[in-house]
Amino acid sequence: MPALSRRKINFLIVGVFILMFVMGLLVSADYGPHFDEPSEIKILQMNILEVAGRLFSEDSEIVYKLREAGIGRISMNSDRDHGIAAYYPFALLLLRDDVLGGSYEFADISLPFHYYTFAICFAGLIAFYFLVYELFRNKGAALLSALILFASPRFFAEMHYNNKDVVLMYLLIGSCLFGIRAIKYRRVLDVLLYSLIAALAANTKIIGLYFFGVIGLAYILYISLHRQWNRRSIFTVCLTIASFLVLYYLLTPAMWSDPLGFFRHCLNNTFDFSRWSGSVVFEGTIYKVPQMPLPRSYIPKLIGISTPVFILLLALAGVLFLAALPLVRQGKAKEERRDQGIFIAMICLCALAPVLLAVFNPPVVYNGWRHFYFAYAGIMILAAYGLIRLMGKYKKITVTATVLCLVFLSVQNVLNHPNQQTYYNFLAGSDVESNYELDYWNVSTREGLLYVAERSSGDICVSSYLSNDNGIRWGLLTLDRELRDRISIVGPEDIEKADYVVENSTYQLYSGETGAPPGFEYLDSIRSYGNPIVNIYVRK
């Protein structure tokens with residue numbers, strides 16, 4: 001290929017990524033805060049307090065102001081198993097005088113929090129492009145695969161605000177990229193970047209330690225098959241382990257006081273989570289968790305019905321091609337395919353093996369399958385492999401069909417913006433709102449508030465009915481000041497004072513009640529993919 005052509009292709013790829021990044025930033029403000037967002041910011045502040053108390057003194061201004069704001073040390077909190085090290089740069093915003101002093105508005109923190117979350121996830125999207133290219137050396141397929149991941153409805157929406165599960169998925173992708181590069185090339189920079197990203201993943205959730213172990217086993221297998229055990233290989237192993245342990249410790253202040261107690265707490269909550277009890281809707285049944293365990297099919301089925309079907313088909317093709325790898329007999333091609341197989345298996349073992357464990361031993365999960373979002377990394381790498389192998393056999397048909405599916409998916413994203421997190425494919429059947437959760441995190445209640453504010457004049461009073469009113473309270477704080485000043489919020493206990501009720505349809509489903517609250521009548525619904533996610537009632 002001529003050098004000029006390669007340059008044009010590189011410019012095209014960079015241009016596409018710039019376009020995706022700008023598009024994402026432009027729509028980030030449209031997503032409301034999820035009702036865990038304030039507590040996530042508080043967890044970051046608790047980490048700041050822990051670090052500040054060690055670096056400075058307990059009498060320092062930062063420690064004093066954080067304690068005055070009611071912030072405690074993360075090492076003493078039950079949420080210490082949930083790390084947030086990927087957000088330490090964002091902590092600079094929380095150290096501003098107005099924030100430390102409490103004289104700030106929630107929107108001043110929430111919107112930058114969304115921008116930052118999107119930036120982290122987008123860096124992971126770029127890592128996915130390079131991961132696919134590193135494995136298969138096909139820029140066109142790598143770009144197309146990255147576009148598919150970017151357009152995946154749930155992940156497109158949640159990459160703007162889900163600082164836990166989507167961020168973990170992208171950290172796994174970054175770990176796999178630099179893990180593979182460290183395995184193949186054994187360069188110090190790749191090793192250090194891998195250790196850093198792997199430490200961030202382990203800090204975010206303890207399962208990151210499992211990812212680190214699987215990638216380590218892949219290193220041993222690769223070096224052994226290539227007969228490359230030497231001083232350099234041993235040095236790489238030692239440097240990787242040492243740098244990972246040091247970075248993980250430094251990034252996790254929650255463990256500084258009592259490392260053994262910290263790991264006991266994390267492992268107990270991984271296998272027997274006890275800080276949540278509530279309702280989960282699955283196939284029309286309301287499960288009271290943990291007293292009523294979810295069926296073994298919960299995670300696999302939710303993955304299947306909330307992932308675009310063409311991605312599932314590409315992933316299935318990837319599995320079939322992967323199974324056929326032992327049939328390859330040519331010398332160099334066989335070794336190349338074998339190495340691809342090792343790394344694909346490594347990624348799938350990281351991402352998909354925990355799903356199998358969840359089938360045999362269902363954990364306490366809620367809010368769909370977000371606790372297993374890291375599994376999407378495995379699905380997408382299988383889909384990328386299926387795409388590349390199909391392109392090798394039927395290039396025009398495969399590319400045309402994939403692009404058409406991608407265009408259709410993108411149009412759906414636009415039409416259902418900003419509620420793509422409620423996506424289900426046709427395999428979910430009809431009457432989705434009665435059979436599955438739609439918006440557990442109350443992100444869409446912001447849309448309901450905008451609806452009533454823009455269709456009324458003067459001051460109005462709004463309430464929820466059956467769900468926690470924090471959803472609309474946090475949503476209100478992200479509206480423009482002109483709208484925000486016109487709206488007052490009352491709790492369900494004071495619903496008789498309200499002019500409107502903005503109710504999350506999933507929480508109505510939890511309650512078993514349908515219809516309008518007493519004294520109100522149905523006005524309209526905010527819908528996504530044809531399903532009502534917020535019901536709006538007006539006083540009679």
# chains A, B, ... in the order shown; residues from 1 in each chain; ligands from 1

call {"tool": "residues_around", "arguments": {"residues": "segment 136-151 of chain A", "least_positions_apart": "4", "cutoff": "10 Å", "atoms": "only C-alpha atoms", "output": "JSON, numbers by chain"}}
result
{"A": [9, 10, 12, 13, 14, 16, 17, 20, 24, 121, 122, 125, 126, 127, 128, 129, 130, 131, 132, 155, 156, 157, 159, 308, 311, 336, 337, 340, 376, 377, 380, 381, 383, 384, 385, 387, 388, 389, 391, 399, 402, 403, 405, 406, 407, 409, 410, 411, 412, 413, 420]}

call {"tool": "residues_around", "arguments": {"residues": "segment 322-324 of chain A", "least_positions_apart": "6", "cutoff": "9 Å", "atoms": "only C-alpha atoms", "output": "PyMOL selection string"}}
result
chain A and resi 341+344-345+382+385-386

call {"tool": "write_last_selection", "arguments": {"atoms": "C-alpha atoms", "output": "tab-separated table (two decimals), in the first residue's frame"}}
result
chain	number	residue	atom	x	y	z
A	341	GLY	CA	-6.48	-17.75	19.90
A	344	ILE	CA	-8.89	-14.01	22.47
A	345	ALA	CA	-9.25	-16.81	25.01
A	382	LEU	CA	-15.52	-12.12	19.65
A	385	TYR	CA	-12.96	-11.57	15.33
A	386	GLY	CA	-16.13	-12.81	13.62

call {"tool": "closest_residue", "arguments": {"among": "A:Arg7, A:His265, A:Arg54, A:Arg187", "to": "Met76 of chain A", "atoms": "only C-alpha atoms"}}
result
A:His265

call {"tool": "residues_around", "arguments": {"residues": "Ser505 of chain A", "least_positions_apart": "4", "cutoff": "8 Å", "atoms": "only C-alpha atoms", "output": "VMD selection string"}}
result
chain A and resid 433 438 509 532 to 535

call {"tool": "select_by_dssp", "arguments": {"residues": "segment 322-482 of chain A", "states": "alpha helix (DSSP H)", "output": "count of residues only"}}
result
95

call {"tool": "closest_atom_pairs", "arguments": {"of": "segment 103-146 of chain A", "to": "segment 196-206 of chain A", "cutoff": "12 Å", "atoms": "only C-alpha atoms", "output": "tab-separated table"}}
result
residue	atom	partner	partner_atom	distance
A:Ile120	CA	A:Ile197	CA	11.6
A:Ala123	CA	A:Ile197	CA	11.7
A:Gly124	CA	A:Ile197	CA	10.5
A:Ala127	CA	A:Ile197	CA	11.3

call {"tool": "atom_distance", "arguments": {"atom1": "atom CA of Leu225 of chain A", "atom2": "atom CA of Phe343 of chain A"}}
result
13.1 Å

call {"tool": "select_by_dssp", "arguments": {"residues": "segment 362-525 of chain A", "states": "strand (DSSP E or B)", "output": "ChimeraX atom specification"}}
result
/A:436,460-463,487-490,500-504,520-525

call {"tool": "residues_around", "arguments": {"residues": "Ala52 of chain A", "least_positions_apart": "6", "cutoff": "9 Å", "atoms": "only C-alpha atoms", "output": "VMD selection string"}}
result
chain A and resid 58 60 62 to 63

call {"tool": "closest_residue", "arguments": {"among": "A:Ile489, A:Ile286, A:Cys348, A:Leu357", "to": "Thr506 of chain A", "atoms": "only C-alpha atoms"}}
result
A:Ile286

call {"tool": "atom_distance", "arguments": {"atom1": "atom CA of Gly512 of chain A", "atom2": "atom CA of Gly284 of chain A"}}
result
11.1 Å

call {"tool": "closest_residue", "arguments": {"among": "A:Leu466, A:Ala358, A:Val191, A:Leu450", "to": "Leu483 of chain A", "atoms": "only C-alpha atoms"}}
result
A:Leu450
